[in-house]
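What follows is entry36.cif (mmCIF, C-alpha atoms and all ligand atoms).
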```cif
data_final
loop_
_atom_site.label_atom_id
_atom_site.label_comp_id
_atom_site.auth_asym_id
_atom_site.auth_seq_id
_atom_site.Cartn_x
_atom_site.Cartn_y
_atom_site.Cartn_z
CA MET B 161 10.76 10.93 -28.72
CA THR B 162 9.24 12.43 -25.56
CA THR B 163 9.92 16.08 -24.75
CA ARG B 164 12.37 16.63 -21.92
CA HIS B 165 12.19 19.70 -19.69
CA ALA B 166 15.14 20.99 -17.64
CA HIS B 167 14.20 21.60 -13.99
CA ILE B 168 16.29 23.28 -11.31
CA VAL B 169 16.51 20.64 -8.58
CA GLY B 170 19.37 22.03 -6.47
CA TRP B 171 20.88 25.45 -5.70
CA GLY B 172 23.86 26.65 -3.70
CA LYS B 173 26.06 29.66 -3.05
CA ALA B 174 29.44 30.49 -1.55
CA VAL B 175 30.78 33.89 -0.57
CA PRO B 176 34.07 34.71 1.15
CA GLU B 177 33.93 35.65 4.83
CA ARG B 178 35.93 38.84 4.47
CA VAL B 179 33.67 41.91 4.22
CA LEU B 180 34.88 45.16 2.66
CA THR B 181 32.58 48.06 3.57
CA ASN B 182 32.19 51.41 1.83
CA ASP B 183 33.86 53.02 4.83
CA ASP B 184 36.85 50.67 4.39
CA LEU B 185 37.05 51.77 0.76
CA SER B 186 36.96 55.43 1.70
CA GLN B 187 40.26 54.80 3.53
CA MET B 188 41.77 53.40 0.33
CA VAL B 189 40.55 55.81 -2.40
CA ASP B 190 38.86 59.22 -2.58
CA THR B 191 35.25 58.08 -2.14
CA SER B 192 32.51 57.93 0.50
CA ASP B 193 29.77 55.64 1.74
CA GLU B 194 27.26 58.30 0.67
CA TRP B 195 28.57 58.46 -2.95
CA ILE B 196 28.66 54.67 -3.35
CA ARG B 197 25.19 54.12 -1.84
CA THR B 198 23.45 56.84 -3.81
CA ARG B 199 25.14 56.06 -7.15
CA THR B 200 25.05 52.25 -6.91
CA GLY B 201 23.06 50.95 -3.91
CA ILE B 202 26.08 48.96 -2.71
CA GLY B 203 26.89 48.92 1.03
CA GLU B 204 29.56 46.22 1.23
CA ARG B 205 31.09 43.37 -0.76
CA ARG B 206 32.91 40.08 -0.04
CA ILE B 207 36.59 39.69 -0.91
CA ALA B 208 38.33 36.34 -1.36
CA GLY B 209 40.92 35.39 1.24
CA ASP B 210 44.41 34.23 0.23
CA ASP B 211 43.31 30.60 0.14
CA GLU B 212 40.12 31.29 -1.84
CA THR B 213 39.89 31.21 -5.61
CA THR B 214 37.24 30.87 -8.31
CA LEU B 215 37.65 27.08 -8.00
CA THR B 216 37.26 26.86 -4.22
CA LEU B 217 34.15 29.07 -4.29
CA SER B 218 32.75 27.02 -7.20
CA LEU B 219 33.25 23.76 -5.31
CA ARG B 220 31.52 25.07 -2.18
CA ALA B 221 28.49 26.31 -4.13
CA ALA B 222 28.36 23.10 -6.20
CA ARG B 223 28.47 20.80 -3.16
CA GLN B 224 25.59 22.70 -1.56
CA ALA B 225 23.54 22.52 -4.78
CA LEU B 226 24.18 18.77 -5.14
CA GLU B 227 23.28 18.15 -1.52
CA ARG B 228 19.99 20.03 -1.92
CA ALA B 229 19.28 18.03 -5.08
CA GLY B 230 20.00 14.82 -3.15
CA LEU B 231 22.45 13.80 -5.88
CA ASN B 232 25.88 12.26 -5.94
CA PRO B 233 28.55 14.05 -8.12
CA ALA B 234 28.75 10.94 -10.26
CA HIS B 235 25.15 11.57 -11.37
CA LEU B 236 26.32 14.68 -13.26
CA ASP B 237 26.89 14.34 -16.98
CA LEU B 238 27.66 18.01 -17.67
CA ILE B 239 29.43 20.83 -15.82
CA ILE B 240 29.52 24.43 -17.08
CA VAL B 241 31.39 27.17 -15.25
CA ALA B 242 30.58 30.73 -16.34
CA THR B 243 33.37 33.09 -15.33
CA VAL B 244 35.58 35.97 -16.45
CA THR B 245 38.08 35.19 -13.68
CA PRO B 246 38.92 31.52 -14.29
CA GLU B 247 41.39 29.62 -12.14
CA HIS B 248 43.82 29.64 -15.11
CA ASN B 249 43.54 30.58 -18.78
CA PHE B 250 43.44 26.83 -19.23
CA PRO B 251 42.61 24.13 -18.24
CA ALA B 252 38.99 25.11 -17.84
CA THR B 253 37.86 25.75 -14.26
CA ALA B 254 34.96 23.39 -15.01
CA CYS B 255 37.44 20.51 -15.46
CA LEU B 256 38.99 21.32 -12.07
CA VAL B 257 35.49 21.35 -10.57
CA GLN B 258 34.80 17.99 -12.20
CA ASP B 259 37.92 16.54 -10.60
CA GLY B 260 37.35 18.25 -7.23
CA LEU B 261 33.83 16.85 -6.99
CA GLY B 262 34.74 13.43 -8.37
CA ALA B 263 32.12 13.90 -11.10
CA THR B 264 33.67 11.22 -13.25
CA ASN B 265 30.80 10.94 -15.73
CA ALA B 266 30.61 14.63 -16.61
CA ALA B 267 31.78 16.61 -19.64
CA ALA B 268 33.07 20.01 -18.51
CA PHE B 269 33.76 23.39 -20.07
CA ASP B 270 33.97 27.10 -19.21
CA LEU B 271 31.92 29.83 -20.76
CA SER B 272 32.78 33.54 -20.95
CA ALA B 273 29.89 35.95 -21.43
CA GLY B 274 30.69 38.59 -18.80
CA CYS B 275 28.01 39.11 -16.19
CA THR B 276 25.49 37.32 -18.46
CA GLY B 277 27.59 34.15 -18.19
CA PHE B 278 25.27 32.29 -15.83
CA VAL B 279 22.20 32.93 -18.02
CA TYR B 280 24.21 31.74 -21.05
CA GLY B 281 25.21 28.60 -19.13
CA LEU B 282 21.66 27.92 -17.98
CA SER B 283 20.41 28.29 -21.53
CA VAL B 284 23.03 25.95 -23.02
CA ALA B 285 22.50 23.31 -20.31
CA ALA B 286 18.69 23.47 -20.57
CA ASP B 287 18.83 23.05 -24.35
CA LEU B 288 21.28 20.12 -24.11
CA ILE B 289 18.96 18.44 -21.60
CA ALA B 290 15.90 19.13 -23.76
CA GLY B 291 17.82 17.59 -26.70
CA GLY B 292 18.00 14.33 -24.76
CA ASN B 293 21.77 13.71 -24.82
CA TYR B 294 22.34 14.99 -21.27
CA ASP B 295 20.25 14.50 -18.17
CA THR B 296 21.88 16.12 -15.13
CA ALA B 297 23.89 19.34 -15.40
CA LEU B 298 25.68 21.58 -12.94
CA VAL B 299 25.81 25.25 -13.94
CA ILE B 300 28.04 27.52 -11.88
CA GLY B 301 28.62 31.28 -12.02
CA ALA B 302 31.81 32.09 -10.09
CA GLU B 303 34.17 35.05 -9.83
CA THR B 304 37.10 36.45 -7.92
CA LEU B 305 36.89 39.93 -9.46
CA SER B 306 39.03 41.30 -6.60
CA ARG B 307 42.01 39.69 -8.38
CA ILE B 308 41.55 41.84 -11.51
CA THR B 309 40.41 45.04 -9.78
CA ASP B 310 42.61 48.12 -9.72
CA TRP B 311 42.31 49.11 -6.07
CA ASN B 312 43.50 52.62 -6.93
CA ASP B 313 40.69 53.25 -9.43
CA ARG B 314 37.70 54.61 -7.51
CA ALA B 315 35.46 54.41 -10.57
CA THR B 316 35.60 50.58 -10.60
CA CYS B 317 36.93 49.28 -7.27
CA VAL B 318 33.77 50.26 -5.39
CA LEU B 319 31.55 48.13 -7.63
CA PHE B 320 32.77 44.55 -7.54
CA GLY B 321 32.83 41.58 -5.17
CA ASP B 322 33.65 37.85 -5.12
CA GLY B 323 31.41 34.79 -4.85
CA ALA B 324 29.85 31.80 -6.58
CA GLY B 325 26.38 30.38 -7.17
CA ALA B 326 25.36 27.04 -8.65
CA VAL B 327 22.28 25.17 -9.80
CA VAL B 328 21.72 21.52 -10.67
CA LEU B 329 19.42 20.97 -13.64
CA GLN B 330 17.74 17.68 -14.33
CA GLY B 331 15.65 16.47 -17.25
CA SER B 332 12.09 15.31 -16.73
CA GLU B 333 8.98 14.70 -18.80
CA ALA B 334 7.08 16.88 -16.33
CA LYS B 335 6.32 20.32 -17.80
CA GLY B 336 7.89 23.42 -16.24
CA GLY B 337 11.47 24.25 -15.27
CA VAL B 338 13.34 26.40 -17.79
CA LEU B 339 10.49 27.49 -20.09
CA ALA B 340 12.46 29.76 -22.45
CA THR B 341 15.72 31.65 -22.77
CA ILE B 342 16.99 34.44 -24.98
CA LEU B 343 20.64 35.36 -25.50
CA GLY B 344 22.17 38.33 -27.30
CA ALA B 345 25.53 39.95 -28.04
CA ASP B 346 26.95 43.12 -29.56
CA GLY B 347 30.71 42.76 -29.87
CA SER B 348 31.06 46.34 -31.14
CA GLY B 349 30.78 47.32 -27.45
CA GLY B 350 33.66 45.05 -26.40
CA ASP B 351 35.90 48.00 -25.54
CA LEU B 352 33.45 49.36 -22.97
CA LEU B 353 34.31 46.68 -20.45
CA LYS B 354 37.46 44.61 -20.76
CA LEU B 355 40.64 43.13 -19.34
CA PRO B 356 43.14 44.40 -21.91
CA ALA B 357 46.23 42.22 -21.31
CA GLY B 358 46.99 38.57 -20.64
CA GLY B 359 45.54 37.24 -23.90
CA SER B 360 47.09 36.76 -27.35
CA ARG B 361 46.68 40.46 -28.22
CA GLU B 362 48.78 41.69 -25.29
CA PRO B 363 50.65 38.82 -23.65
CA ALA B 364 51.86 39.44 -20.11
CA SER B 365 55.08 41.47 -20.02
CA HIS B 366 56.83 43.93 -17.71
CA ARG B 367 55.14 46.72 -19.67
CA THR B 368 51.59 45.32 -19.34
CA VAL B 369 52.07 44.86 -15.61
CA ALA B 370 53.65 48.31 -15.12
CA GLU B 371 50.80 49.96 -17.05
CA GLY B 372 48.09 48.11 -15.08
CA ARG B 373 46.73 46.39 -18.17
CA HIS B 374 45.80 43.26 -16.20
CA TYR B 375 43.08 45.20 -14.41
CA LEU B 376 39.48 45.43 -15.49
CA GLN B 377 38.68 48.65 -17.39
CA MET B 378 35.20 50.04 -17.82
CA ARG B 379 33.41 52.99 -19.38
CA GLY B 380 30.66 53.03 -16.75
CA ARG B 381 28.26 55.57 -18.22
CA GLU B 382 28.00 53.76 -21.59
CA VAL B 383 27.54 50.37 -19.87
CA PHE B 384 24.82 51.95 -17.73
CA ARG B 385 22.94 53.21 -20.81
CA PHE B 386 23.24 49.82 -22.52
CA ALA B 387 21.93 48.01 -19.41
CA VAL B 388 18.82 50.14 -18.94
CA ARG B 389 17.94 49.57 -22.60
CA LYS B 390 18.58 45.83 -22.73
CA MET B 391 17.20 44.54 -19.40
CA PRO B 392 13.55 45.50 -20.01
CA ALA B 393 13.69 44.38 -23.65
CA ALA B 394 15.16 40.98 -22.74
CA THR B 395 12.57 40.49 -19.97
CA ARG B 396 9.68 41.17 -22.36
CA GLN B 397 11.17 38.93 -25.06
CA VAL B 398 11.74 35.92 -22.83
CA LEU B 399 8.24 36.14 -21.36
CA GLU B 400 6.79 36.29 -24.85
CA ARG B 401 8.84 33.27 -25.92
CA ALA B 402 7.60 31.38 -22.85
CA GLY B 403 3.99 32.27 -23.72
CA GLU B 404 3.64 34.31 -20.52
CA ASP B 405 3.13 37.99 -19.73
CA LEU B 406 4.40 40.54 -17.21
CA GLU B 407 1.25 40.21 -15.07
CA SER B 408 2.00 36.51 -14.44
CA LEU B 409 5.57 37.23 -13.31
CA ASP B 410 6.14 36.36 -9.63
CA LEU B 411 9.78 37.37 -9.23
CA LEU B 412 12.39 39.14 -11.35
CA ILE B 413 16.00 38.34 -10.52
CA PRO B 414 18.12 40.92 -12.35
CA HIS B 415 21.90 41.01 -12.56
CA GLN B 416 23.04 42.84 -9.44
CA ALA B 417 25.19 45.64 -10.86
CA ASN B 418 23.59 48.90 -9.81
CA GLN B 419 20.33 49.64 -7.97
CA ARG B 420 19.65 52.57 -10.29
CA ILE B 421 19.87 50.25 -13.32
CA ILE B 422 17.48 47.79 -11.65
CA GLN B 423 15.04 50.55 -10.72
CA SER B 424 15.08 52.16 -14.11
CA ALA B 425 14.56 48.82 -15.90
CA THR B 426 11.72 47.67 -13.65
CA ARG B 427 9.99 51.06 -13.60
CA GLY B 428 9.75 50.90 -17.39
CA LEU B 429 8.20 47.45 -17.15
CA LYS B 430 5.87 48.59 -14.32
CA ILE B 431 7.02 45.69 -12.11
CA PRO B 432 6.37 46.56 -8.44
CA PRO B 433 9.50 46.59 -6.22
CA GLU B 434 8.24 43.62 -4.13
CA LYS B 435 8.51 41.46 -7.26
CA VAL B 436 12.16 42.37 -7.81
CA PHE B 437 14.94 40.62 -5.90
CA SER B 438 18.01 42.57 -4.83
CA ASN B 439 20.95 41.66 -2.60
CA LEU B 440 23.34 44.14 -4.21
CA GLU B 441 23.64 46.08 -0.96
CA ARG B 442 25.54 43.16 0.65
CA TYR B 443 27.59 41.72 -2.24
CA GLY B 444 28.13 44.40 -4.91
CA ASN B 445 28.48 43.20 -8.48
CA THR B 446 29.80 39.61 -8.52
CA SER B 447 29.49 39.34 -12.34
CA SER B 448 28.39 35.86 -13.43
CA ALA B 449 27.89 34.81 -9.79
CA SER B 450 25.34 37.55 -9.12
CA ILE B 451 22.20 35.90 -10.56
CA PRO B 452 22.76 32.39 -9.11
CA ILE B 453 23.61 33.83 -5.67
CA ALA B 454 20.45 35.98 -5.83
CA LEU B 455 18.34 33.02 -7.02
CA CYS B 456 19.68 30.87 -4.21
CA GLU B 457 18.92 33.53 -1.58
CA ALA B 458 15.46 34.18 -3.04
CA VAL B 459 14.63 30.47 -2.61
CA GLU B 460 16.16 30.37 0.89
CA GLN B 461 14.05 33.38 1.91
CA GLY B 462 10.84 31.78 0.61
CA ARG B 463 10.49 34.42 -2.12
CA VAL B 464 10.16 31.60 -4.70
CA GLN B 465 7.42 29.03 -4.26
CA ARG B 466 6.42 26.01 -6.27
CA ASP B 467 4.80 26.97 -9.63
CA ASP B 468 6.07 30.56 -9.42
CA LEU B 469 7.18 32.21 -12.63
CA VAL B 470 10.71 33.59 -12.22
CA VAL B 471 12.72 35.58 -14.77
CA CYS B 472 16.51 35.94 -14.48
CA VAL B 473 17.89 38.74 -16.66
CA GLY B 474 21.45 39.95 -17.10
CA PHE B 475 23.85 42.08 -19.14
CA GLY B 476 27.60 42.34 -19.20
CA ALA B 477 30.96 42.39 -20.94
CA GLY B 478 30.97 41.38 -24.57
CA LEU B 479 28.63 43.18 -24.68
CA THR B 480 26.11 40.48 -23.90
CA TRP B 481 22.61 40.16 -22.51
CA GLY B 482 20.26 37.30 -21.76
CA ALA B 483 17.17 36.19 -19.88
CA ALA B 484 15.63 32.93 -18.70
CA ALA B 485 11.99 32.31 -17.76
CA ILE B 486 11.62 29.53 -15.20
CA ARG B 487 8.54 27.83 -13.79
CA TRP B 488 9.79 26.79 -10.35
CA SER B 489 8.95 23.12 -9.99
CA VAL B 490 10.66 21.73 -6.89
CA PRO B 491 9.86 19.17 -5.65
CA LEU B 492 9.49 17.34 -8.94
CA PRO B 493 6.84 14.72 -9.37
CA PRO B 494 8.58 11.36 -8.76
CA GLU B 495 9.92 9.90 -11.94
CA ARG B 496 11.97 6.96 -10.76
CA PRO B 497 13.17 4.03 -12.86
CA PRO B 498 12.29 0.48 -11.71
CA ARG B 499 14.09 -0.70 -8.52
CA ARG B 500 16.42 -3.11 -10.37
CA VAL B 501 17.59 -0.31 -12.73
CA GLN B 502 18.04 2.06 -9.77
CA PHE B 503 20.23 -0.51 -7.99
CA TRP B 504 22.60 -0.95 -10.97
CA GLN B 505 22.70 2.80 -11.61
CA GLU B 506 23.74 3.41 -7.99
CA MET B 507 26.41 0.70 -8.23
CA ARG B 508 27.77 2.31 -11.39
CA TYR B 509 27.93 5.75 -9.72
CA ARG B 510 29.60 4.35 -6.60
CA TYR B 511 32.15 2.48 -8.70
CA ALA B 512 32.92 5.66 -10.70
CA ALA B 513 33.33 7.72 -7.50
CA LEU B 514 35.67 5.10 -6.00
CA ARG B 515 37.71 4.94 -9.21
CA SER B 516 38.10 8.74 -9.18
CA LEU B 517 39.21 8.71 -5.53
CA VAL B 518 41.81 6.01 -6.19
CA ARG B 519 43.06 7.87 -9.27
CA ARG B 520 43.47 11.09 -7.28
CA LEU B 521 45.27 9.30 -4.44
CA LEU B 522 47.65 7.66 -6.92
CA ARG B 523 48.31 10.99 -8.63
CA ARG B 524 49.06 12.61 -5.24
CA LEU B 525 51.40 9.72 -4.24
CA LEU B 526 53.21 9.86 -7.58
CA SER B 527 53.70 13.64 -7.35
CA LEU B 528 55.08 13.26 -3.79
CA GLY B 529 57.48 10.59 -5.10
CA VAL B 530 58.66 12.87 -7.94
CA ARG B 531 59.29 15.76 -5.52
CA GLU B 532 61.42 13.59 -3.22
N1 LIG J 1 33.60 58.00 -5.42
C1 LIG J 1 33.44 59.32 -5.61
N2 LIG J 1 33.36 59.87 -6.82
C2 LIG J 1 33.46 59.06 -7.89
C3 LIG J 1 33.63 57.67 -7.75
C4 LIG J 1 33.71 57.14 -6.46
N3 LIG J 1 33.86 55.83 -6.21
N4 LIG J 1 33.68 57.12 -8.99
C5 LIG J 1 33.55 58.12 -9.87
N5 LIG J 1 33.41 59.30 -9.21
C6 LIG J 1 33.24 60.62 -9.76
C7 LIG J 1 33.76 60.77 -11.17
O1 LIG J 1 35.14 61.05 -11.17
C8 LIG J 1 32.93 61.91 -11.69
O2 LIG J 1 33.50 63.10 -11.23
P1 LIG J 1 33.54 64.40 -12.21
O3 LIG J 1 32.09 64.73 -12.49
O4 LIG J 1 34.24 65.41 -11.36
O5 LIG J 1 34.29 63.97 -13.41
C9 LIG J 1 31.59 61.75 -10.97
O6 LIG J 1 31.85 60.90 -9.86
C10 LIG J 1 30.52 61.13 -11.83
O7 LIG J 1 31.06 59.99 -12.51
P2 LIG J 1 30.17 59.10 -13.46
O8 LIG J 1 31.03 58.02 -14.05
O9 LIG J 1 29.39 59.96 -14.38
O10 LIG J 1 29.15 58.47 -12.39
P3 LIG J 1 27.86 57.66 -12.66
O11 LIG J 1 26.71 58.31 -12.02
O12 LIG J 1 27.73 57.26 -14.11
O13 LIG J 1 28.15 56.32 -11.83
C11 LIG J 1 28.86 54.06 -12.18
C12 LIG J 1 29.28 55.53 -12.17
C13 LIG J 1 28.37 53.71 -10.80
C14 LIG J 1 30.09 53.22 -12.54
C15 LIG J 1 27.73 53.86 -13.21
O14 LIG J 1 28.10 54.44 -14.44
C16 LIG J 1 27.43 52.40 -13.44
O15 LIG J 1 26.96 51.72 -12.55
N6 LIG J 1 27.63 51.93 -14.68
C17 LIG J 1 27.34 50.54 -15.02
C18 LIG J 1 28.48 49.70 -14.56
C19 LIG J 1 28.15 48.24 -14.60
O16 LIG J 1 27.05 47.83 -14.37
N7 LIG J 1 29.19 47.48 -14.88
C20 LIG J 1 29.09 46.06 -14.78
C21 LIG J 1 28.89 45.43 -16.06
S1 LIG J 1 28.83 43.77 -15.86
C22 LIG J 1 30.29 42.92 -16.22
O17 LIG J 1 30.33 42.24 -17.22
C23 LIG J 1 31.46 42.98 -15.23
#
```
Let me see the structure of the file written as structure tokens.
Ligand code: ACO
Amino acid sequence: MTTRHAHIVGWGKAVPERVLTNDDLSQMVDTSDEWIRTRTGIGERRIAGDDETTLTLSLRAARQALERAGLNPAHLDLIIVATVTPEHNFPATACLVQDGLGATNAAAFDLSAGCTGFVYGLSVAADLIAGGNYDTALVIGAETLSRITDWNDRATCVLFGDGAGAVVLQGSEAKGGVLATILGADGSGGDLLKLPAGGSREPASHRTVAEGRHYLQMRGREVFRFAVRKMPAATRQVLERAGEDLESLDLLIPHQANQRIIQSATRGLKIPPEKVFSNLERYGNTSSASIPIALCEAVEQGRVQRDDLVVCVGFGAGLTWGAAAIRWSVPLPPERPPRRVQFWQEMRYRYAALRSLVRRLLRRLLSLGVRE
């Protein structure tokens, strides 16, 4: 069997329009622009409007990624949504994305690995593609953290924001793409960053709501220490696994949680600041959306060029950490099947998309009928 390599062929992002500045926050809790900037590097963040959810942001990012890849949703055979703020506990947000896109040929599931979720998703999708059973995967990192933030807790509410980022991965015999990934977890640190209630341990009740147990809780200092230890180690490990070294690195895209964490991690690795991407100032920490949004902006700004070596590295709730080394390979060398095969493939995709549209229309009509 020939070796398949997973290449990123499309990328997209979606952030809400509403901006919440540090000055806005200083009207809500006892904080200041100066404290937030010096301790975190964050200047403002985006907050979902009433009609925006993890699903709507996911769909916007996914459509942009598919458009850039020049692919139809029916080409997808796998959808992974990494999130800690899913649309519902179940069904999986990925299934709702599958339906919303009309991606009728795709398997779909959610993945929860805190802020490392996108790197976990990328790793799983790349390995499934390399295994040969899947060919075209959509990996989304999406969050509406504003919905689980305690807006009276100044220690956490200044940190987080909402958004989504997506990539389309496609298998090819051409070398490059996702070269290597490493994933790690230490569940003994689970209490450092968690959403206590709403699961089987503490089902929703008047008490859990009254005590604010549906809000994210964090022991910031410990998470900080964990992050500055794990980010450099994961970066070194993934480069070693890819057979590369720090000197060959063109761009590091770290999880955007705190500028001091990023600086401390990259100083230890002796990576110059111009090789480190940061958009934390504008978005805050968007958890599993942070790396794909940053990757998307890095490409849009021309900071990633063909054949560049890019490392994405993250840490988060779980505790988890992970890194992916990517040889940027867009545009891919053409690898098209014969014309006759292409024609029948296209027909199959169009038929599947039409079938999905009809099914959704019927479902809508039936639900209208039931309501009347
Ligand atoms: N404004 C003003 N003062 C504040 C604020 C605020 N927003 N928040 C805390 N303080 C105060 C504290 O009360 C404390 O006061 P005290 O000394 O009188 O007790 C003082 O500032 C220092 O507090 P620390 O918690 O020690 O501040 P620190 O320098 O550690 O910064 C921070 C806190 C920014 C949270 C930092 O610890 C951090 O970034 N940790 C990592 C968090 C992180 O990355 N989390 C995301 C994980 S990813 C995921 O999966 C979601």
Protein and nucleic acid residues within 9 Å of ligand LIG 1 (chain J) (all atoms listed in the file) as a PyMOL selection string: chain B and resi 185-186+189-196+198-200+244+273-277+305+313-320+353-354+376+378-387+415-421+445-448+474-480
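Separating CA of Asp184 in chain B from CA of Arg205 in chain B is a distance of 10.6 Å.
With all atoms listed in the file as the basis for measurement, B:Gly325 is the residue among B:Gly281, B:Gly325, B:Pro452, B:Gly372 that approaches Arg220 in chain B most closely.
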Which one of B:Leu526, B:Ala266, B:Val179, B:Ala166 sits closest to Gly292 in chain B if you count all atoms listed in the file? B:Ala166
Compile a residue-level contact table for range 227-253 of chain B against range 327-334 of chain B at a cut-off of 12 Å, reporting for every qualifying residue the shortest atom pair and its distance in Å to one decimal, with all atoms listed in the file counted, rows ordered by chain and ascending number, as JSON lines.
```
{"residue": "B:Glu227", "atom": "CA", "partner": "B:Val328", "partner_atom": "CA", "distance": 9.9}
{"residue": "B:Arg228", "atom": "CA", "partner": "B:Val328", "partner_atom": "CA", "distance": 9.0}
{"residue": "B:Ala229", "atom": "CA", "partner": "B:Val328", "partner_atom": "CA", "distance": 7.0}
{"residue": "B:Gly230", "atom": "CA", "partner": "B:Val328", "partner_atom": "CA", "distance": 10.2}
{"residue": "B:Leu231", "atom": "CA", "partner": "B:Val328", "partner_atom": "CA", "distance": 9.1}
{"residue": "B:Asn232", "atom": "CA", "partner": "B:Val328", "partner_atom": "CA", "distance": 11.2}
{"residue": "B:Pro233", "atom": "CA", "partner": "B:Val328", "partner_atom": "CA", "distance": 10.4}
{"residue": "B:His235", "atom": "CA", "partner": "B:Gln330", "partner_atom": "CA", "distance": 10.0}
{"residue": "B:Leu236", "atom": "CA", "partner": "B:Val328", "partner_atom": "CA", "distance": 8.6}
{"residue": "B:Asp237", "atom": "CA", "partner": "B:Gln330", "partner_atom": "CA", "distance": 10.1}
{"residue": "B:Leu238", "atom": "CA", "partner": "B:Leu329", "partner_atom": "CA", "distance": 9.6}
{"residue": "B:Ile239", "atom": "CA", "partner": "B:Val328", "partner_atom": "CA", "distance": 9.3}
{"residue": "B:Ile240", "atom": "CA", "partner": "B:Val327", "partner_atom": "CA", "distance": 10.3}
{"residue": "B:Val241", "atom": "CA", "partner": "B:Val327", "partner_atom": "CA", "distance": 10.8}
{"residue": "B:Ala242", "atom": "CA", "partner": "B:Val327", "partner_atom": "CA", "distance": 11.9}
```
For the residues in that selection, give me C-alpha atoms as a compact mmCIF listing (two decimals), in the frame of the given file.
```txt
# COMPACT_ATOMS: atom_id res chain seq x y z
CA GLU B 227 23.28 18.15 -1.52
CA ARG B 228 19.99 20.03 -1.92
CA ALA B 229 19.28 18.03 -5.08
CA GLY B 230 20.00 14.82 -3.15
CA LEU B 231 22.45 13.80 -5.88
CA ASN B 232 25.88 12.26 -5.94
CA PRO B 233 28.55 14.05 -8.12
CA HIS B 235 25.15 11.57 -11.37
CA LEU B 236 26.32 14.68 -13.26
CA ASP B 237 26.89 14.34 -16.98
CA LEU B 238 27.66 18.01 -17.67
CA ILE B 239 29.43 20.83 -15.82
CA ILE B 240 29.52 24.43 -17.08
CA VAL B 241 31.39 27.17 -15.25
CA ALA B 242 30.58 30.73 -16.34
```
Would you list the residues near (37.0, 33.6, -6.2) (no more than 9 Å away, in the coordinates of the file, using only C-alpha atoms) as a PyMOL selection string? chain B and resi 175-176+207-209+212-218+245-247+302-307+322-324
Test item: residues at most 9 Å from range 427-432 of chain B, all atoms listed in the file, excluding those fewer than 4 positions along its chain, as an MDAnalysis selection string: chainID B and resid 392 395:396 406:407 409 412 422:423 436
Find the residues of range 203-232 of chain B that sit at most 12 Å from range 454-458 of chain B; for each, write down the nearest two atoms and how far apart they are in Å, to one decimal. Count all atoms listed in the file. Sort by chain, then by number going up, and give it as a Markdown table.
```
| residue | atom | partner | partner_atom | distance |
| --- | --- | --- | --- | --- |
| B:Ala221 | CA | B:Cys456 | CA | 9.9 |
| B:Ala222 | CA | B:Cys456 | CA | 11.8 |
| B:Gln224 | CA | B:Cys456 | CA | 10.4 |
| B:Ala225 | CA | B:Cys456 | CA | 9.2 |
| B:Arg228 | CA | B:Cys456 | CA | 11.1 |
```
Residues of the last selection are to be written out with C-alpha atoms, as a PDB file, keeping the file's coordinate frame.
```
ATOM      1  CA  ALA B 221      28.490  26.310  -4.130  1.00  0.00           C
ATOM      2  CA  ALA B 222      28.360  23.100  -6.200  1.00  0.00           C
ATOM      3  CA  GLN B 224      25.590  22.700  -1.560  1.00  0.00           C
ATOM      4  CA  ALA B 225      23.540  22.520  -4.780  1.00  0.00           C
ATOM      5  CA  ARG B 228      19.990  20.030  -1.920  1.00  0.00           C
TER       6      ARG B 228
END
```
To one decimal place, how far is CA of Val473 in chain B from CA of Leu219 in chain B in Å?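 Straight-line distance from CA of Val473 in chain B to CA of Leu219 in chain B works out to 24.3 Å.
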Using all atoms listed in the file, the shortest atom-to-atom distance to Ile453 in chain B among B:Gly321, B:Gly347, B:Gly301, B:Gly529 belongs to B:Gly301
All residues 10 Å or closer to Asp410 in chain B, all atoms listed in the file, same chain fewer than 6 positions away omitted, as a PyMOL selection string: chain B and resi 431+434-436+463-465+467-471+487
Could you work out how far CA of Ala267 in chain B lies from CA of Arg523 in chain B, giving the answer in Å with one decimal? 20.6 Å
Quick one: everything within 10 Å of Arg401 in chain B, counting all atoms listed in the file, minus sequence neighbours fewer than 4 positions away in the same chain. Send it as an MDAnalysis selection string. chainID B and resid 339:342 396:397 405 484:485
Atoms kept (C-alpha atoms) for selection, written as a PDB file, in the coordinates of the input:
```pdb
ATOM      1  CA  LEU B 339      10.490  27.490 -20.090  1.00  0.00           C
ATOM      2  CA  ALA B 340      12.460  29.760 -22.450  1.00  0.00           C
ATOM      3  CA  THR B 341      15.720  31.650 -22.770  1.00  0.00           C
ATOM      4  CA  ILE B 342      16.990  34.440 -24.980  1.00  0.00           C
ATOM      5  CA  ARG B 396       9.680  41.170 -22.360  1.00  0.00           C
ATOM      6  CA  GLN B 397      11.170  38.930 -25.060  1.00  0.00           C
ATOM      7  CA  ASP B 405       3.130  37.990 -19.730  1.00  0.00           C
ATOM      8  CA  ALA B 484      15.630  32.930 -18.700  1.00  0.00           C
ATOM      9  CA  ALA B 485      11.990  32.310 -17.760  1.00  0.00           C
TER      10      ALA B 485
END
```
Given the choices B:Met507, B:Leu226, B:Ala370, B:Ala513, which gets closest to Lys173 in chain B if the distance is worked out from all atoms listed in the file?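 Once distances to Lys173 in chain B are computed over all atoms listed in the file, the minimum belongs to B:Leu226.
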From the set B:Trp481, B:Phe269, B:Trp171, B:Phe437, which residue has the shortest atom-to-atom contact distance to Ala394 in chain B, counting only C-alpha atoms?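 Looking at the shortest contact to Ala394 in chain B, the residue is B:Trp481.
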